[in-house]
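Coordinates as given in query-v2.txt (compact mmCIF, C-alpha atoms):
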# COMPACT_ATOMS: atom_id res chain seq x y z
CA MET A 1 -33.32 33.22 165.57
CA ASN A 2 -33.26 33.30 161.77
CA ASP A 3 -31.45 35.90 159.69
CA THR A 4 -34.56 37.94 158.88
CA GLU A 5 -35.48 38.32 162.56
CA LEU A 6 -31.87 39.11 163.38
CA ILE A 7 -31.69 41.88 160.75
CA SER A 8 -34.97 43.33 161.90
CA GLN A 9 -33.72 43.46 165.52
CA ILE A 10 -30.45 45.11 164.48
CA LEU A 11 -32.27 47.72 162.41
CA ASP A 12 -34.39 48.44 165.51
CA GLY A 13 -31.16 49.30 167.33
CA ASN A 14 -30.56 46.07 169.24
CA MET A 15 -26.76 45.87 169.43
CA ASN A 16 -26.83 42.49 171.17
CA ALA A 17 -28.42 41.13 168.01
CA PHE A 18 -25.53 42.56 166.03
CA THR A 19 -23.03 40.86 168.35
CA PHE A 20 -24.95 37.65 167.70
CA LEU A 21 -24.69 38.20 163.94
CA VAL A 22 -20.92 38.80 164.18
CA ASN A 23 -20.54 35.59 166.18
CA ARG A 24 -22.57 33.69 163.59
CA TYR A 25 -20.64 34.91 160.54
CA GLN A 26 -17.13 35.64 161.82
CA LYS A 27 -15.80 32.24 160.70
CA LEU A 28 -17.04 32.85 157.17
CA VAL A 29 -15.36 36.26 157.09
CA VAL A 30 -12.11 35.08 158.67
CA HIS A 31 -11.84 32.19 156.20
CA ILE A 32 -12.35 34.41 153.15
CA SER A 33 -10.24 37.35 154.33
CA GLY A 34 -7.61 35.07 155.86
CA ARG A 35 -7.11 33.10 152.64
CA LEU A 36 -6.81 36.34 150.66
CA ILE A 37 -4.68 38.43 153.02
CA GLN A 38 -2.72 35.61 154.69
CA ARG A 39 -1.49 37.85 157.49
CA GLN A 40 -2.77 37.06 160.95
CA ASP A 41 -1.64 40.44 162.35
CA GLU A 42 -3.72 42.41 159.80
CA LEU A 43 -6.67 40.06 159.70
CA GLU A 44 -8.52 41.42 162.74
CA ASP A 45 -8.58 44.98 161.36
CA VAL A 46 -9.86 43.83 157.98
CA CYS A 47 -12.55 41.63 159.55
CA GLN A 48 -13.60 44.51 161.81
CA GLU A 49 -13.90 46.77 158.76
CA VAL A 50 -16.03 44.09 157.05
CA PHE A 51 -18.52 43.98 159.93
CA ILE A 52 -18.63 47.77 160.18
CA LYS A 53 -19.62 47.84 156.49
CA VAL A 54 -22.18 45.11 157.17
CA TYR A 55 -23.70 47.24 159.94
CA GLN A 56 -23.69 50.44 157.87
CA ASN A 57 -25.28 48.77 154.82
CA LEU A 58 -27.66 46.36 156.52
CA GLY A 59 -30.61 48.64 155.73
CA LYS A 60 -29.84 48.18 152.01
CA TYR A 61 -29.89 44.37 152.19
CA ARG A 62 -32.94 43.22 150.23
CA ASN A 63 -33.10 39.43 150.67
CA GLU A 64 -32.18 38.94 147.00
CA CYS A 65 -29.50 36.49 148.11
CA LYS A 66 -28.63 34.64 151.32
CA LEU A 67 -27.22 36.84 154.09
CA SER A 68 -24.07 34.68 154.07
CA THR A 69 -23.57 35.41 150.34
CA TRP A 70 -24.04 39.13 150.95
CA ILE A 71 -21.56 39.15 153.85
CA ALA A 72 -19.10 37.03 151.85
CA THR A 73 -19.29 39.58 149.02
CA ILE A 74 -18.42 42.39 151.44
CA ALA A 75 -15.57 40.31 152.91
CA TYR A 76 -14.20 39.50 149.44
CA ASN A 77 -14.40 43.11 148.19
CA SER A 78 -12.91 44.54 151.39
CA SER A 79 -10.01 42.08 151.29
CA VAL A 80 -9.33 42.73 147.60
CA ASN A 81 -9.41 46.51 148.19
CA TYR A 82 -7.03 46.06 151.10
CA LEU A 83 -4.63 44.07 148.91
CA ARG A 84 -4.93 46.58 146.06
CA LYS A 85 -3.96 49.35 148.45
CA PHE A 86 -0.65 47.56 148.99
CA ARG A 87 -0.44 46.41 145.34
CA LYS A 88 -0.57 42.76 146.27
CA PHE A 89 -3.51 41.93 144.02
CA GLU A 90 -3.12 41.37 140.29
CA GLU A 91 -6.14 40.73 138.12
CA VAL A 92 -4.27 38.62 135.57
CA ASN A 93 -4.86 35.03 134.61
CA PRO A 94 -2.66 32.97 136.96
CA ASP A 95 0.47 31.39 135.51
CA ASP A 96 0.11 27.69 136.30
CA SER A 97 3.70 26.72 135.55
CA PHE A 98 4.92 29.40 137.96
CA ALA A 99 2.30 28.30 140.51
CA LEU A 100 3.46 24.69 140.20
CA ARG A 101 7.06 25.71 140.86
CA ASN A 102 5.86 27.67 143.87
CA LEU A 103 4.34 24.59 145.50
CA ALA A 104 6.46 22.45 147.80
CA ASP A 105 7.16 18.82 146.99
CA PHE A 106 5.47 16.12 149.03
CA ARG A 107 8.23 13.80 150.22
CA MET A 108 7.40 10.11 149.99
CA GLU A 109 9.82 9.22 152.78
CA ASN A 110 7.86 11.47 155.16
CA TYR A 111 4.61 9.56 154.83
CA GLU A 112 4.62 8.29 158.35
CA ILE A 113 5.28 11.67 159.95
CA THR A 114 3.54 13.99 157.55
CA ASP A 115 -0.14 14.59 157.52
CA LEU A 116 -1.20 14.56 153.89
CA LYS A 117 -4.19 16.75 154.62
CA ARG A 118 -2.01 19.31 156.31
CA TYR A 119 0.39 19.21 153.36
CA ILE A 120 -2.50 19.96 150.99
CA ARG A 121 -3.76 22.76 153.25
CA GLU A 122 -0.30 24.34 153.28
CA GLN A 123 -0.12 24.12 149.49
CA ILE A 124 -3.52 25.82 149.15
CA GLU A 125 -1.95 28.86 150.81
CA LEU A 126 0.72 28.86 148.07
CA LEU A 127 -1.77 28.74 145.20
CA PRO A 128 -2.51 31.91 143.16
CA ILE A 129 -4.97 34.20 144.93
CA GLN A 130 -7.83 33.52 142.48
CA TYR A 131 -7.52 29.77 143.05
CA ARG A 132 -7.40 30.17 146.83
CA THR A 133 -10.53 32.31 146.70
CA VAL A 134 -12.66 29.91 144.67
CA VAL A 135 -11.39 26.88 146.61
CA THR A 136 -12.33 28.56 149.90
CA LEU A 137 -15.76 29.67 148.72
CA PHE A 138 -16.70 26.45 146.91
CA HIS A 139 -15.10 23.70 148.98
CA LEU A 140 -14.81 25.21 152.44
CA GLU A 141 -17.88 27.46 152.61
CA GLU A 142 -19.92 25.30 150.23
CA PHE A 143 -21.25 28.12 148.07
CA SER A 144 -22.67 27.11 144.70
CA TYR A 145 -21.01 28.14 141.41
CA GLN A 146 -23.64 30.87 140.99
CA GLU A 147 -23.00 32.18 144.49
CA VAL A 148 -19.21 32.20 143.95
CA GLU A 149 -19.87 34.12 140.73
CA GLN A 150 -22.02 36.60 142.64
CA ILE A 151 -19.44 37.05 145.41
CA THR A 152 -16.33 37.42 143.26
CA GLY A 153 -17.76 38.79 140.02
CA MET A 154 -15.92 36.02 138.12
CA ALA A 155 -17.90 34.28 135.39
CA GLU A 156 -19.17 30.80 136.27
CA GLY A 157 -16.91 29.26 133.61
CA THR A 158 -13.89 31.00 135.14
CA VAL A 159 -14.83 29.74 138.60
CA LYS A 160 -15.04 26.17 137.30
CA SER A 161 -11.79 26.55 135.41
CA TYR A 162 -9.95 27.93 138.46
CA LEU A 163 -11.26 25.10 140.64
CA PHE A 164 -10.17 22.53 138.08
CA ARG A 165 -6.73 24.12 137.67
CA ALA A 166 -6.19 24.43 141.42
CA LYS A 167 -6.93 20.75 141.87
CA ALA A 168 -4.83 19.85 138.84
CA LEU A 169 -1.83 21.64 140.33
CA LEU A 170 -2.18 19.83 143.64
CA ARG A 171 -2.75 16.52 141.86
CA GLU A 172 0.36 17.12 139.78
CA LYS A 173 2.40 17.53 142.96
CA LEU A 174 0.92 14.33 144.34
CA LYS A 175 0.94 12.19 141.23
CA HIS A 176 4.06 10.30 142.33
CA ILE A 177 2.25 8.88 145.35
CA VAL A 178 -0.56 7.39 143.30
CA ASP A 179 0.26 3.71 143.23
CA GLU A 180 -1.31 0.81 145.06
CA ASN A 181 1.09 0.59 147.99
CA SER A 182 1.55 4.25 148.73
CA LEU A 183 -2.14 5.00 148.35
CA LYS A 184 -2.99 2.32 150.91
CA LEU A 185 -0.62 4.01 153.33
CA VAL A 186 -2.03 7.45 152.56
CA LYS A 187 -5.56 6.21 153.22
CA GLU A 188 -4.49 4.63 156.51
CA ILE A 189 -2.87 7.88 157.62
CA SER A 190 -5.87 9.91 156.49
CA ASN A 191 -8.29 7.68 158.37
CA GLU A 192 -6.17 7.75 161.53
CA LYS A 193 -5.95 11.54 161.51
CA GLY A 194 -9.47 12.23 160.23
CA MET B 1 -9.94 4.02 140.77
CA ARG B 2 -6.67 5.21 142.31
CA LYS B 3 -7.18 8.59 140.76
CA ASP B 4 -10.67 8.75 142.27
CA GLU B 5 -9.33 7.98 145.70
CA LEU B 6 -6.74 10.71 145.47
CA THR B 7 -9.47 13.07 144.30
CA GLU B 8 -11.51 12.14 147.37
CA ILE B 9 -8.60 12.85 149.70
CA LEU B 10 -7.98 16.11 147.87
CA ASP B 11 -11.63 17.16 148.16
CA ARG B 12 -11.68 16.42 151.87
CA SER B 13 -8.50 18.41 152.39
CA LEU B 14 -9.75 21.33 150.32
CA SER B 15 -12.70 21.69 152.66
CA GLY B 16 -10.40 21.75 155.71
CA LYS B 17 -10.38 24.94 157.76
CA PRO B 18 -7.38 27.29 157.49
CA ASP B 19 -5.45 28.24 160.64
CA PHE B 20 -6.53 31.89 160.79
CA ARG B 21 -8.08 32.97 164.09
CA LEU B 22 -9.82 35.98 165.62
CA PRO B 23 -9.79 36.90 169.32
CA VAL B 24 -12.50 35.29 171.45
CA ASP B 25 -14.05 38.69 172.20
CA PHE B 26 -13.97 39.83 168.57
CA ALA B 27 -17.75 40.24 168.23
CA GLN B 28 -17.94 42.34 171.41
CA LYS B 29 -15.04 44.51 170.24
CA VAL B 30 -16.71 45.17 166.88
CA THR B 31 -19.99 46.09 168.55
CA THR B 32 -18.27 48.44 171.01
CA SER B 33 -16.39 50.10 168.17
CA ILE B 34 -19.62 50.63 166.20
CA VAL B 35 -21.47 52.03 169.22
CA ARG B 36 -18.61 54.47 169.80
CA ARG B 37 -18.59 55.57 166.14
CA GLU B 38 -22.33 56.09 166.10
CA ARG B 39 -22.23 58.10 169.34
CA TRP B 40 -19.41 60.26 167.98
CA LYS B 41 -21.46 60.99 164.83
CA THR B 42 -24.54 61.89 166.91
CA ASP B 43 -22.55 64.14 169.24
CA LEU B 44 -20.93 65.97 166.35
CA LEU B 45 -24.31 66.43 164.69
CA ASP B 46 -25.77 67.73 167.98
CA TYR B 47 -22.92 70.20 168.35
CA PHE B 48 -23.30 71.57 164.83
CA SER B 49 -27.09 71.72 165.16
CA LEU B 50 -26.89 73.73 168.38
CA THR B 51 -24.23 76.03 166.91
CA ALA B 52 -26.44 76.57 163.86
CA ILE B 53 -29.40 77.39 166.13
CA LEU B 54 -27.26 79.88 168.09
CA VAL B 55 -25.98 81.58 164.95
CA GLY B 56 -29.50 81.59 163.54
CA LEU B 57 -30.87 83.28 166.66
CA ILE B 58 -28.20 85.97 166.56
CA ALA B 59 -28.85 86.53 162.85
CA ALA B 60 -32.61 86.70 163.38
CA ALA B 61 -32.28 89.12 166.27
CA SER B 62 -29.93 91.33 164.25
CA GLY B 63 -32.34 91.25 161.30
CA ILE B 64 -35.31 92.24 163.44
CA TYR B 65 -33.40 95.04 165.08
CA TYR B 66 -32.09 96.24 161.73
CA LEU B 67 -35.55 96.31 160.15
CA LEU B 68 -37.42 97.76 163.13
CA ASP B 69 -35.00 100.25 164.66
CA LYS B 70 -31.84 101.48 162.95
CA GLU B 71 -30.84 103.66 165.88
CA LEU B 72 -30.93 100.67 168.16
CA LEU B 73 -28.75 98.73 165.74
CA ILE B 74 -26.22 101.54 165.59
CA ARG B 75 -26.19 101.74 169.38
CA THR B 76 -25.83 97.96 169.57
CA LEU B 77 -23.01 98.00 167.05
CA ASN B 78 -21.31 100.79 169.00
CA PHE B 79 -21.69 98.74 172.13
CA PHE B 80 -20.11 95.71 170.43
CA GLU B 81 -17.38 97.90 168.98
CA SER B 82 -16.45 99.39 172.33
CA ASN B 83 -16.79 96.05 174.14
CA TRP B 84 -15.66 93.61 171.43
CA VAL B 85 -13.16 91.79 173.66
CA PRO B 86 -15.65 90.67 176.38
CA VAL B 87 -18.35 89.94 173.75
CA ALA B 88 -15.98 87.78 171.67
CA PHE B 89 -14.78 86.11 174.87
CA LEU B 90 -18.37 85.39 175.94
CA ILE B 91 -19.23 83.85 172.55
CA PHE B 92 -16.05 81.80 172.64
CA ILE B 93 -16.78 80.54 176.18
CA LEU B 94 -20.37 79.60 175.30
CA ASN B 95 -19.20 77.78 172.20
CA PHE B 96 -16.39 76.02 174.05
CA VAL B 97 -18.75 74.81 176.80
CA LEU B 98 -21.02 73.38 174.13
CA PHE B 99 -18.11 71.78 172.29
CA ALA B 100 -16.64 70.34 175.50
CA ASP B 101 -19.99 68.91 176.56
CA LYS B 102 -20.90 67.36 173.24
CA VAL B 103 -17.54 66.33 171.85
CA LEU B 104 -14.42 66.66 174.02
CA LEU B 105 -15.64 65.12 177.26
CA ARG B 106 -17.28 62.15 175.52
CA LEU B 107 -14.16 61.56 173.45
CA LEU B 108 -12.05 61.69 176.60
CA PHE B 109 -14.36 59.27 178.45
CA SER B 110 -14.36 56.79 175.59
CA HIS B 111 -10.54 57.07 175.40
CA TRP B 112 -10.25 56.29 179.14
CA LYS B 113 -12.60 53.35 178.70
CA THR B 114 -10.45 51.92 175.91
CA ASP B 115 -7.29 52.23 178.01
Encoded form using structure tokens:
Amino acid sequence: MNDTELISQILDGNMNAFTFLVNRYQKLVVHISGRLIQRQDELEDVCQEVFIKVYQNLGKYRNECKLSTWIATIAYNSSVNYLRKFRKFEEVNPDDSFALRNLADFRMENYEITDLKRYIREQIELLPIQYRTVVTLFHLEEFSYQEVEQITGMAEGTVKSYLFRAKALLREKLKHIVDENSLKLVKEISNEKG
Amino acid sequence: MRKDELTEILDRSLSGKPDFRLPVDFAQKVTTSIVRRERWKTDLLDYFSLTAILVGLIAAASGIYYLLDKELLIRTLNFFESNWVPVAFLIFILNFVLFADKVLLRLLFSHWKTD
């Protein structure tokens, strides 16, 4: 069943269709809200609120963008509002030197026991909130620059800049492993795990 | 070259899924919660609509009596004045039955279901 048929069924009062929609998009919502809120115990309530808003506003959805983009926008706005309520969201340009200090070091001697991918994933959670958001939307959910702009309200240039800076911070933390021998080992580990 | 390879590893890791999870029955829970909310709204609306109809009927009857027969109105008012306790009690009971049927009982049932 495609999204248009699904919406039409929900608007006709078919609640099973709505359950189907929640199942289809709950990963998208949990990834966006999870990366922003970072609290497993509060995540379910926020995600529930997102889908209630989706249900209440579904009649206003006009096919001007993909349904996933529209739901992602609701998830982003709900999560930001939730964080604002507890004053955990600051709309300032992130301080990269502070962010770099906030990241953990990747220990060379732990190569054989540490999963590099997992290390990077853990560091993503320590990045400034704006970076985490664009990384999640662009890399994980594979939205285009225009769609990320639409979801977050950030200008396309800002989105690109945040993505570049997020990667630069991670690369900075990993620059000491970039040599022939260590890279070979990293690739071996990555291939084994991946 | 080495930089490119690190970039590739970084890109792959950036698209890795975070560890946040929702309960297996999340979708069903959301749907149940929405159904309950919608029913609550409908019940409340029903209750206020019926109350409005009741009040409207009383007002209309009073208006007709007032315009057609003043003596009757005076007698009616005297009746209400001398029997205001049972009349008020009757109105209260009727209203409470309506409220219990449309709001309280359904709220109680949905609360039991949740438990």
May I have the residues within 10 Å of Asn16 in chain A as a ChimeraX atom specification, using all atoms listed in the file and disregarding those fewer than 4 positions away in the same chain? /A:6,9-10,20-22 /B:27-28,31
Residue with the minimum atom-to-atom distance to chain B, picked from A:Lys27, A:Arg62, A:His139, A:Lys85 with all atoms listed in the file counted, is A:His139
Please, which residues in chain B fall within 12 Å of chain A when counting all atoms listed in the file, and what is the closest atom pair and distance in Å to one decimal for each, ordered by chain then residue number, as a tab-separated table?
residue	atom	partner	partner_atom	distance
B:Met1	CA	A:Glu180	CA	10.2
B:Arg2	CA	A:Val178	CA	6.6
B:Lys3	CA	A:Val178	CA	7.2
B:Asp4	CA	A:Val178	CA	10.3
B:Glu5	CA	A:Leu183	CA	8.2
B:Leu6	CA	A:Val178	CA	7.3
B:Thr7	CA	A:Arg171	CA	7.9
B:Glu8	CA	A:Lys187	CA	10.2
B:Ile9	CA	A:Lys117	CA	7.7
B:Leu10	CA	A:Ile120	CA	7.4
B:Asp11	CA	A:His139	CA	7.4
B:Arg12	CA	A:Lys117	CA	8.0
B:Ser13	CA	A:Lys117	CA	5.1
B:Leu14	CA	A:His139	CA	6.0
B:Ser15	CA	A:Leu140	CA	4.1
B:Gly16	CA	A:Leu140	CA	6.5
B:Lys17	CA	A:Leu140	CA	6.9
B:Pro18	CA	A:His31	CA	6.8
B:Asp19	CA	A:Gly34	CA	8.6
B:Phe20	CA	A:Gly34	CA	6.0
B:Arg21	CA	A:Val30	CA	7.1
B:Leu22	CA	A:Glu44	CA	6.3
B:Pro23	CA	A:Glu44	CA	8.1
B:Val24	CA	A:Asn23	CA	9.6
B:Asp25	CA	A:Asn23	CA	9.4
B:Phe26	CA	A:Glu44	CA	8.1
B:Ala27	CA	A:Thr19	CA	5.3
B:Gln28	CA	A:Thr19	CA	6.1
B:Lys29	CA	A:Gln48	CA	8.6
B:Val30	CA	A:Gln48	CA	6.0
B:Thr31	CA	A:Thr19	CA	6.1
B:Thr32	CA	A:Met15	CA	9.0
B:Ser33	CA	A:Ile52	CA	8.6
B:Ile34	CA	A:Ile52	CA	6.7
B:Val35	CA	A:Met15	CA	8.1
B:Arg36	CA	A:Ile52	CA	11.7
B:Arg37	CA	A:Ile52	CA	9.8
B:Glu38	CA	A:Gln56	CA	10.1
What does the structure give for the distance between CA of Ile64 in chain B and CA of Ala88 in chain B, in Å to one decimal?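 Value for the CA of Ile64 in chain B-CA of Ala88 in chain B distance: 21.5 Å.
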Separating CA of Phe143 in chain A from CA of Thr69 in chain A, to the nearest tenth of an Å, is a gap of 8.0 Å
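Among A:Arg101, A:Leu83, A:Ile74, A:Ala166, the residue with the shortest atom-to-atom distance to Gly153 in chain A, counting all atoms listed in the file, is A:Ile74.
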Open item on the list: Give me, as a ChimeraX atom specification, all polymer residues having an atom no more than 9 Å from range 144-147 of chain A, counting all atoms listed in the file and skipping those fewer than 3 positions away in the same chain.
Closed with: /A:65,69,137-138,150-152,155-157,159-160
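CA of Val97 in chain B sits 20.5 Å away from CA of Trp112 in chain B.
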Using all atoms listed in the file, which residues sit within 9 Å of Asp96 in chain A once same-chain residues fewer than 6 positions away are excluded, as a PDB file with C-alpha atoms, in the frame of the given file?
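New file around.pdb:
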ATOM      1  CA  PRO A 128      -2.510  31.910 143.160  1.00  0.00           C
ATOM      2  CA  ARG A 165      -6.730  24.120 137.670  1.00  0.00           C
ATOM      3  CA  ALA A 166      -6.190  24.430 141.420  1.00  0.00           C
ATOM      4  CA  LEU A 169      -1.830  21.640 140.330  1.00  0.00           C
TER       5      LEU A 169
END
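Distances from A:Ser8, A:Asn14, A:Ser79, A:Asn63 to Thr133 in chain A were compared using only C-alpha atoms, and the smallest one belongs to A:Ser79.
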| task | Please provide as a PyMOL selection string all residues within 12 Å of Leu98 in chain B, with the sequence filter that same-chain residues fewer than 5 positions apart are discarded (counting all atoms listed in the file). | result | chain B and resi 43-44+46-51+54+91-93+103-106
